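Below is the file upload.cif, which contains mmCIF, N, CA and C atoms.
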data_structure
loop_
_atom_site.group_PDB
_atom_site.id
_atom_site.type_symbol
_atom_site.label_atom_id
_atom_site.label_comp_id
_atom_site.auth_asym_id
_atom_site.auth_seq_id
_atom_site.Cartn_x
_atom_site.Cartn_y
_atom_site.Cartn_z
ATOM 1 N N MET A 1 303.445 48.596 69.461
ATOM 2 C CA MET A 1 303.822 47.274 69.041
ATOM 3 C C MET A 1 305.334 47.076 69.169
ATOM 4 N N SER A 2 306.098 48.120 68.933
ATOM 5 C CA SER A 2 307.546 47.997 69.031
ATOM 6 C C SER A 2 307.988 47.727 70.463
ATOM 7 N N LEU A 3 307.318 48.344 71.420
ATOM 8 C CA LEU A 3 307.661 48.074 72.822
ATOM 9 C C LEU A 3 307.397 46.616 73.172
ATOM 10 N N PHE A 4 306.326 46.077 72.644
ATOM 11 C CA PHE A 4 306.017 44.666 72.862
ATOM 12 C C PHE A 4 307.086 43.785 72.227
ATOM 13 N N SER A 5 307.564 44.158 71.035
ATOM 14 C CA SER A 5 308.609 43.393 70.365
ATOM 15 C C SER A 5 309.918 43.434 71.146
ATOM 16 N N ILE A 6 310.218 44.561 71.723
ATOM 17 C CA ILE A 6 311.438 44.670 72.526
ATOM 18 C C ILE A 6 311.342 43.780 73.751
ATOM 19 N N SER A 7 310.187 43.704 74.362
ATOM 20 C CA SER A 7 310.066 42.911 75.588
ATOM 21 C C SER A 7 310.072 41.416 75.301
ATOM 22 N N ILE A 8 309.501 40.980 74.193
ATOM 23 C CA ILE A 8 309.452 39.548 73.887
ATOM 24 C C ILE A 8 310.764 39.065 73.302
ATOM 25 N N GLY A 9 311.270 39.742 72.292
ATOM 26 C CA GLY A 9 312.521 39.347 71.661
ATOM 27 C C GLY A 9 312.361 38.183 70.715
ATOM 28 N N GLY A 10 313.485 37.608 70.318
ATOM 29 C CA GLY A 10 313.475 36.481 69.402
ATOM 30 C C GLY A 10 313.288 35.170 70.128
ATOM 31 N N SER A 11 312.872 34.163 69.396
ATOM 32 C CA SER A 11 312.621 32.861 70.008
ATOM 33 C C SER A 11 313.912 32.108 70.307
ATOM 34 N N GLU A 12 315.008 32.467 69.626
ATOM 35 C CA GLU A 12 316.242 31.729 69.838
ATOM 36 C C GLU A 12 316.909 32.044 71.171
ATOM 37 N N SER A 13 316.721 33.252 71.675
ATOM 38 C CA SER A 13 317.389 33.616 72.921
ATOM 39 C C SER A 13 316.610 33.155 74.147
ATOM 40 N N GLY A 14 315.302 33.275 74.088
ATOM 41 C CA GLY A 14 314.480 32.891 75.231
ATOM 42 C C GLY A 14 314.506 33.899 76.358
ATOM 43 N N ILE A 15 315.196 35.019 76.171
ATOM 44 C CA ILE A 15 315.288 36.045 77.203
ATOM 45 C C ILE A 15 314.131 37.013 77.023
ATOM 46 N N LYS A 16 313.325 37.144 78.059
ATOM 47 C CA LYS A 16 312.214 38.081 78.018
ATOM 48 C C LYS A 16 312.510 39.226 78.980
ATOM 49 N N ILE A 17 312.340 40.419 78.478
ATOM 50 C CA ILE A 17 312.509 41.614 79.307
ATOM 51 C C ILE A 17 311.117 42.146 79.584
ATOM 52 N N GLU A 18 310.786 42.281 80.834
ATOM 53 C CA GLU A 18 309.454 42.744 81.204
ATOM 54 C C GLU A 18 309.214 44.149 80.674
ATOM 55 N N LEU A 19 307.955 44.460 80.416
ATOM 56 C CA LEU A 19 307.601 45.756 79.857
ATOM 57 C C LEU A 19 308.017 46.894 80.787
ATOM 58 N N GLY A 20 307.963 46.676 82.081
ATOM 59 C CA GLY A 20 308.406 47.685 83.036
ATOM 60 C C GLY A 20 309.889 47.983 82.914
ATOM 61 N N ARG A 21 310.683 46.938 82.650
ATOM 62 C CA ARG A 21 312.122 47.144 82.454
ATOM 63 C C ARG A 21 312.403 47.851 81.138
ATOM 64 N N VAL A 22 311.573 47.611 80.118
ATOM 65 C CA VAL A 22 311.721 48.329 78.852
ATOM 66 C C VAL A 22 311.410 49.808 79.060
ATOM 67 N N LEU A 23 310.357 50.088 79.798
ATOM 68 C CA LEU A 23 310.014 51.482 80.080
ATOM 69 C C LEU A 23 311.089 52.159 80.923
ATOM 70 N N SER A 24 311.677 51.431 81.863
ATOM 71 C CA SER A 24 312.771 52.026 82.645
ATOM 72 C C SER A 24 313.997 52.259 81.766
ATOM 73 N N PHE A 25 314.205 51.423 80.744
ATOM 74 C CA PHE A 25 315.289 51.662 79.794
ATOM 75 C C PHE A 25 315.048 52.959 79.036
ATOM 76 N N LEU A 26 313.797 53.169 78.618
ATOM 77 C CA LEU A 26 313.478 54.392 77.888
ATOM 78 C C LEU A 26 313.638 55.639 78.755
ATOM 79 N N LEU A 27 313.454 55.470 80.051
ATOM 80 C CA LEU A 27 313.639 56.597 80.975
ATOM 81 C C LEU A 27 315.088 56.754 81.415
ATOM 82 N N GLY A 28 315.952 55.784 81.054
ATOM 83 C CA GLY A 28 317.372 55.887 81.368
ATOM 84 C C GLY A 28 317.776 55.217 82.659
ATOM 85 N N HIS A 29 316.984 54.300 83.192
ATOM 86 C CA HIS A 29 317.285 53.653 84.462
ATOM 87 C C HIS A 29 317.359 52.141 84.316
ATOM 88 N N ALA A 30 318.015 51.642 83.283
ATOM 89 C CA ALA A 30 318.032 50.198 83.037
ATOM 90 C C ALA A 30 319.370 49.587 83.436
ATOM 91 N N ASP A 31 319.358 48.271 83.600
ATOM 92 C CA ASP A 31 320.589 47.535 83.863
ATOM 93 C C ASP A 31 321.465 47.533 82.618
ATOM 94 N N GLU A 32 322.740 47.216 82.819
ATOM 95 C CA GLU A 32 323.673 47.194 81.697
ATOM 96 C C GLU A 32 323.342 46.072 80.709
ATOM 97 N N ILE A 33 322.922 44.932 81.224
ATOM 98 C CA ILE A 33 322.581 43.808 80.349
ATOM 99 C C ILE A 33 321.346 44.134 79.520
ATOM 100 N N ASP A 34 320.354 44.769 80.133
ATOM 101 C CA ASP A 34 319.165 45.185 79.385
ATOM 102 C C ASP A 34 319.533 46.162 78.275
ATOM 103 N N LYS A 35 320.442 47.091 78.565
ATOM 104 C CA LYS A 35 320.874 48.050 77.551
ATOM 105 C C LYS A 35 321.536 47.347 76.378
ATOM 106 N N ILE A 36 322.388 46.371 76.662
ATOM 107 C CA ILE A 36 323.089 45.652 75.598
ATOM 108 C C ILE A 36 322.097 44.865 74.742
ATOM 109 N N ILE A 37 321.183 44.146 75.392
ATOM 110 C CA ILE A 37 320.211 43.335 74.654
ATOM 111 C C ILE A 37 319.318 44.211 73.795
ATOM 112 N N ILE A 38 318.837 45.306 74.348
ATOM 113 C CA ILE A 38 317.907 46.160 73.608
ATOM 114 C C ILE A 38 318.612 46.909 72.488
ATOM 115 N N LEU A 39 319.749 47.527 72.776
ATOM 116 C CA LEU A 39 320.407 48.372 71.783
ATOM 117 C C LEU A 39 321.140 47.596 70.698
ATOM 118 N N GLN A 40 321.716 46.446 71.034
ATOM 119 C CA GLN A 40 322.538 45.736 70.054
ATOM 120 C C GLN A 40 321.819 44.599 69.345
ATOM 121 N N ILE A 41 320.726 44.100 69.920
ATOM 122 C CA ILE A 41 320.053 42.960 69.297
ATOM 123 C C ILE A 41 318.646 43.328 68.844
ATOM 124 N N ARG A 42 317.826 43.793 69.759
ATOM 125 C CA ARG A 42 316.398 43.947 69.444
ATOM 126 C C ARG A 42 316.077 45.226 68.692
ATOM 127 N N PHE A 43 316.705 46.327 69.038
ATOM 128 C CA PHE A 43 316.412 47.585 68.361
ATOM 129 C C PHE A 43 316.802 47.558 66.888
ATOM 130 N N PRO A 44 317.979 47.008 66.506
ATOM 131 C CA PRO A 44 318.289 46.910 65.074
ATOM 132 C C PRO A 44 317.301 46.043 64.302
ATOM 133 N N ARG A 45 316.793 44.978 64.923
ATOM 134 C CA ARG A 45 315.801 44.139 64.251
ATOM 135 C C ARG A 45 314.511 44.905 64.005
ATOM 136 N N ILE A 46 314.096 45.692 64.983
ATOM 137 C CA ILE A 46 312.864 46.472 64.836
ATOM 138 C C ILE A 46 313.036 47.527 63.749
ATOM 139 N N LEU A 47 314.188 48.215 63.732
ATOM 140 C CA LEU A 47 314.428 49.211 62.695
ATOM 141 C C LEU A 47 314.457 48.577 61.305
ATOM 142 N N THR A 48 315.076 47.405 61.194
ATOM 143 C CA THR A 48 315.121 46.710 59.908
ATOM 144 C C THR A 48 313.721 46.356 59.433
ATOM 145 N N SER A 49 312.884 45.859 60.334
ATOM 146 C CA SER A 49 311.522 45.503 59.926
ATOM 147 C C SER A 49 310.711 46.731 59.549
ATOM 148 N N ILE A 50 310.918 47.843 60.229
ATOM 149 C CA ILE A 50 310.206 49.077 59.886
ATOM 150 C C ILE A 50 310.621 49.562 58.503
ATOM 151 N N PHE A 51 311.934 49.562 58.220
ATOM 152 C CA PHE A 51 312.411 50.018 56.917
ATOM 153 C C PHE A 51 312.004 49.061 55.799
ATOM 154 N N ALA A 52 312.027 47.757 56.056
ATOM 155 C CA ALA A 52 311.611 46.788 55.035
ATOM 156 C C ALA A 52 310.124 46.941 54.725
ATOM 157 N N GLY A 53 309.305 47.074 55.739
ATOM 158 C CA GLY A 53 307.869 47.274 55.519
ATOM 159 C C GLY A 53 307.575 48.575 54.808
ATOM 160 N N GLY A 54 308.277 49.630 55.182
ATOM 161 C CA GLY A 54 308.094 50.913 54.506
ATOM 162 C C GLY A 54 308.518 50.849 53.052
ATOM 163 N N GLY A 55 309.620 50.152 52.778
ATOM 164 C CA GLY A 55 310.082 50.003 51.401
ATOM 165 C C GLY A 55 309.094 49.224 50.552
ATOM 166 N N LEU A 56 308.543 48.162 51.111
ATOM 167 C CA LEU A 56 307.543 47.390 50.382
ATOM 168 C C LEU A 56 306.277 48.203 50.130
ATOM 169 N N ALA A 57 305.895 49.006 51.098
ATOM 170 C CA ALA A 57 304.709 49.849 50.929
ATOM 171 C C ALA A 57 304.924 50.890 49.832
ATOM 172 N N VAL A 58 306.095 51.506 49.817
ATOM 173 C CA VAL A 58 306.398 52.499 48.784
ATOM 174 C C VAL A 58 306.468 51.839 47.411
ATOM 175 N N ALA A 59 307.102 50.664 47.333
ATOM 176 C CA ALA A 59 307.182 49.958 46.052
ATOM 177 C C ALA A 59 305.792 49.588 45.542
ATOM 178 N N GLY A 60 304.916 49.150 46.423
ATOM 179 C CA GLY A 60 303.554 48.826 46.017
ATOM 180 C C GLY A 60 302.787 50.051 45.558
ATOM 181 N N ALA A 61 302.962 51.159 46.247
ATOM 182 C CA ALA A 61 302.276 52.393 45.855
ATOM 183 C C ALA A 61 302.779 52.891 44.503
ATOM 184 N N ILE A 62 304.089 52.778 44.267
ATOM 185 C CA ILE A 62 304.644 53.194 42.975
ATOM 186 C C ILE A 62 304.112 52.296 41.862
ATOM 187 N N LEU A 63 304.063 50.997 42.106
ATOM 188 C CA LEU A 63 303.537 50.068 41.105
ATOM 189 C C LEU A 63 302.082 50.378 40.778
ATOM 190 N N GLN A 64 301.291 50.667 41.783
ATOM 191 C CA GLN A 64 299.887 51.003 41.554
ATOM 192 C C GLN A 64 299.753 52.333 40.813
ATOM 193 N N ALA A 65 300.643 53.282 41.087
ATOM 194 C CA ALA A 65 300.582 54.571 40.400
ATOM 195 C C ALA A 65 301.006 54.443 38.941
ATOM 196 N N ILE A 66 302.014 53.615 38.668
ATOM 197 C CA ILE A 66 302.480 53.449 37.290
ATOM 198 C C ILE A 66 301.421 52.759 36.439
ATOM 199 N N ILE A 67 300.817 51.727 36.975
ATOM 200 C CA ILE A 67 299.827 50.965 36.222
ATOM 201 C C ILE A 67 298.457 51.662 36.245
ATOM 202 N N ARG A 68 298.263 52.557 37.181
ATOM 203 C CA ARG A 68 296.989 53.261 37.383
ATOM 204 C C ARG A 68 295.858 52.294 37.706
ATOM 205 N N ASN A 69 296.197 51.356 38.570
ATOM 206 C CA ASN A 69 295.226 50.357 38.993
ATOM 207 C C ASN A 69 295.425 50.127 40.489
ATOM 208 N N PRO A 70 294.435 50.415 41.320
ATOM 209 C CA PRO A 70 294.621 50.231 42.760
ATOM 210 C C PRO A 70 294.717 48.768 43.181
ATOM 211 N N LEU A 71 294.425 47.845 42.289
ATOM 212 C CA LEU A 71 294.528 46.417 42.603
ATOM 213 C C LEU A 71 295.759 45.783 41.970
ATOM 214 N N ALA A 72 296.726 46.584 41.551
ATOM 215 C CA ALA A 72 297.921 46.070 40.887
ATOM 216 C C ALA A 72 298.741 45.220 41.854
ATOM 217 N N GLU A 73 299.397 44.204 41.303
ATOM 218 C CA GLU A 73 300.238 43.320 42.102
ATOM 219 C C GLU A 73 301.500 42.997 41.311
ATOM 220 N N PRO A 74 302.527 42.470 41.961
ATOM 221 C CA PRO A 74 303.802 42.231 41.275
ATOM 222 C C PRO A 74 303.728 41.202 40.148
ATOM 223 N N TYR A 75 302.698 40.378 40.107
ATOM 224 C CA TYR A 75 302.600 39.362 39.059
ATOM 225 C C TYR A 75 302.228 39.969 37.702
ATOM 226 N N ILE A 76 301.686 41.181 37.684
ATOM 227 C CA ILE A 76 301.236 41.795 36.435
ATOM 228 C C ILE A 76 302.410 42.072 35.500
ATOM 229 N N LEU A 77 303.475 42.625 36.012
ATOM 230 C CA LEU A 77 304.618 42.987 35.184
ATOM 231 C C LEU A 77 305.704 41.918 35.166
ATOM 232 N N GLY A 78 305.509 40.814 35.875
ATOM 233 C CA GLY A 78 306.521 39.765 35.899
ATOM 234 C C GLY A 78 307.602 39.989 36.937
ATOM 235 N N ILE A 79 307.349 40.850 37.886
ATOM 236 C CA ILE A 79 308.351 41.139 38.912
ATOM 237 C C ILE A 79 308.613 39.903 39.772
ATOM 238 N N SER A 80 307.569 39.186 40.131
ATOM 239 C CA SER A 80 307.727 37.990 40.959
ATOM 240 C C SER A 80 308.480 36.891 40.213
ATOM 241 N N SER A 81 308.172 36.721 38.935
ATOM 242 C CA SER A 81 308.878 35.712 38.138
ATOM 243 C C SER A 81 310.336 36.074 37.976
ATOM 244 N N GLY A 82 310.616 37.351 37.788
ATOM 245 C CA GLY A 82 312.006 37.796 37.661
ATOM 246 C C GLY A 82 312.800 37.592 38.933
ATOM 247 N N SER A 83 312.179 37.833 40.072
ATOM 248 C CA SER A 83 312.902 37.627 41.338
ATOM 249 C C SER A 83 313.144 36.151 41.595
ATOM 250 N N ALA A 84 312.191 35.298 41.217
ATOM 251 C CA ALA A 84 312.395 33.854 41.359
ATOM 252 C C ALA A 84 313.511 33.380 40.446
ATOM 253 N N PHE A 85 313.562 33.895 39.214
ATOM 254 C CA PHE A 85 314.637 33.539 38.285
ATOM 255 C C PHE A 85 315.990 33.986 38.835
ATOM 256 N N GLY A 86 316.050 35.179 39.403
ATOM 257 C CA GLY A 86 317.302 35.667 39.993
ATOM 258 C C GLY A 86 317.762 34.814 41.155
ATOM 259 N N ALA A 87 316.826 34.356 41.964
ATOM 260 C CA ALA A 87 317.194 33.476 43.083
ATOM 261 C C ALA A 87 317.730 32.146 42.583
ATOM 262 N N VAL A 88 317.106 31.584 41.545
ATOM 263 C CA VAL A 88 317.567 30.309 40.993
ATOM 264 C C VAL A 88 318.957 30.454 40.381
ATOM 265 N N VAL A 89 319.191 31.526 39.654
ATOM 266 C CA VAL A 89 320.512 31.759 39.056
ATOM 267 C C VAL A 89 321.559 31.934 40.143
ATOM 268 N N SER A 90 321.223 32.657 41.181
ATOM 269 C CA SER A 90 322.161 32.864 42.286
ATOM 270 C C SER A 90 322.515 31.559 42.965
ATOM 271 N N ILE A 91 321.536 30.718 43.210
ATOM 272 C CA ILE A 91 321.783 29.442 43.866
ATOM 273 C C ILE A 91 322.595 28.517 42.956
ATOM 274 N N ALA A 92 322.278 28.514 41.663
ATOM 275 C CA ALA A 92 322.949 27.608 40.728
ATOM 276 C C ALA A 92 324.387 28.026 40.459
ATOM 277 N N LEU A 93 324.660 29.313 40.283
ATOM 278 C CA LEU A 93 325.987 29.758 39.902
ATOM 279 C C LEU A 93 326.935 29.944 41.081
ATOM 280 N N ILE A 94 326.435 30.384 42.166
ATOM 281 C CA ILE A 94 327.301 30.711 43.290
ATOM 282 C C ILE A 94 327.506 29.505 44.199
ATOM 283 N N GLY A 95 326.578 28.606 44.252
ATOM 284 C CA GLY A 95 326.744 27.366 45.003
ATOM 285 C C GLY A 95 326.695 27.553 46.494
ATOM 286 N N SER A 96 327.807 27.256 47.156
ATOM 287 C CA SER A 96 327.811 27.241 48.617
ATOM 288 C C SER A 96 327.717 28.633 49.229
ATOM 289 N N PHE A 97 327.981 29.672 48.464
ATOM 290 C CA PHE A 97 327.891 31.028 48.983
ATOM 291 C C PHE A 97 326.573 31.698 48.613
ATOM 292 N N SER A 98 325.604 30.923 48.156
ATOM 293 C CA SER A 98 324.345 31.510 47.702
ATOM 294 C C SER A 98 323.550 32.157 48.837
ATOM 295 N N PHE A 99 323.806 31.752 50.064
ATOM 296 C CA PHE A 99 323.077 32.353 51.190
ATOM 297 C C PHE A 99 323.368 33.831 51.315
ATOM 298 N N ALA A 100 324.533 34.271 50.859
ATOM 299 C CA ALA A 100 324.897 35.683 50.979
ATOM 300 C C ALA A 100 324.207 36.534 49.924
ATOM 301 N N PHE A 101 323.847 35.943 48.793
ATOM 302 C CA PHE A 101 323.277 36.710 47.690
ATOM 303 C C PHE A 101 321.802 36.457 47.464
ATOM 304 N N THR A 102 321.243 35.451 48.126
ATOM 305 C CA THR A 102 319.840 35.105 47.941
ATOM 306 C C THR A 102 319.090 35.292 49.249
ATOM 307 N N PRO A 103 318.414 36.428 49.400
ATOM 308 C CA PRO A 103 317.704 36.645 50.657
ATOM 309 C C PRO A 103 316.490 35.756 50.788
#
Full structure transcribed into structure tokens:
Amino acid sequence: MSLFSISIGGSESGIKIELGRVLSFLLGHADEIDKIIILQIRFPRILTSIFAGGGLAVAGAILQAIIRNPLAEPYILGISSGSAFGAVVSIALIGSFSFAFTP
């Protein structure tokens, strides 16, 4: 799936790298522009999504282990309400810079 993500890229750029060119990049025979696009734009996005998904999975497993319920969800302990409250406080107090503190 990651190879497919590298070849498609984001919707804002519109640049598509063919799967064959991605494979040639992995073998070390790619153009300089392909190297820049893959290493500086697309690869960091893929790593970020992998780490974010892994973090969410670990957090969910820990929550289920603490509550001892395989159907546990963040609404049980008020985690979702607390995060919504934090976002509202961040937007209200920080104002124009809230984009930096409110993901």
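Of note, atom CA of A:Pro74 and atom C of A:Ser90 are spaced 21.6 Å apart.
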When DSSP works through the backbone of this structure, what residues of stretch 18-97 of chain A end up as helix (DSSP H, G or I), shown as JSON, numbers by chain? {"A": [19, 20, 21, 22, 23, 24, 25, 26, 27, 32, 33, 34, 35, 36, 37, 38, 39, 40, 41, 42, 43, 44, 45, 46, 47, 48, 49, 50, 51, 52, 53, 54, 55, 56, 57, 58, 59, 60, 61, 62, 63, 64, 65, 66, 67, 79, 80, 81, 82, 83, 84, 85, 86, 87, 88, 89, 90, 91, 92, 93, 94, 95, 96, 97]}
Contacts of A:Leu26 within 10 Å, only C-alpha atoms, excl. fewer than 5 positions in-chain, as a ChimeraX atom specification: /A:3,20-21,35
Using only N, CA and C atoms, which residue out of A:Leu93, A:Leu77, A:Leu27, A:Ile38 lies closest to A:Ile6? A:Ile38
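Put simply, atom CA of A:Ser49 is 14.1 Å away from atom CA of A:Phe4.
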Using all atoms of stretch 54-72 of chain A listed in the file and a margin of 3 Å per side, can you give the axis-aligned box centre and edge lengths in Å to one decimal, as JSON?
{"center_x": 302.3, "center_y": 49.9, "center_z": 45.7, "size_x": 21.7, "size_y": 15.4, "size_z": 25.0}
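Among the candidates A:Ser2, A:Gln64, A:Thr48, A:Ser7, the one nearest to A:Ser24 when counting only C-alpha atoms is A:Ser7.
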So how many Å separate atom CA of A:Ser80 and atom CA of A:Pro44, to one decimal? 27.8 Å
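Closest approach to A:Asp34 from the set A:Ala59, A:Leu71, A:Ile17, A:Ile66 is made by A:Ile17, with distances taken over all atoms listed in the file.
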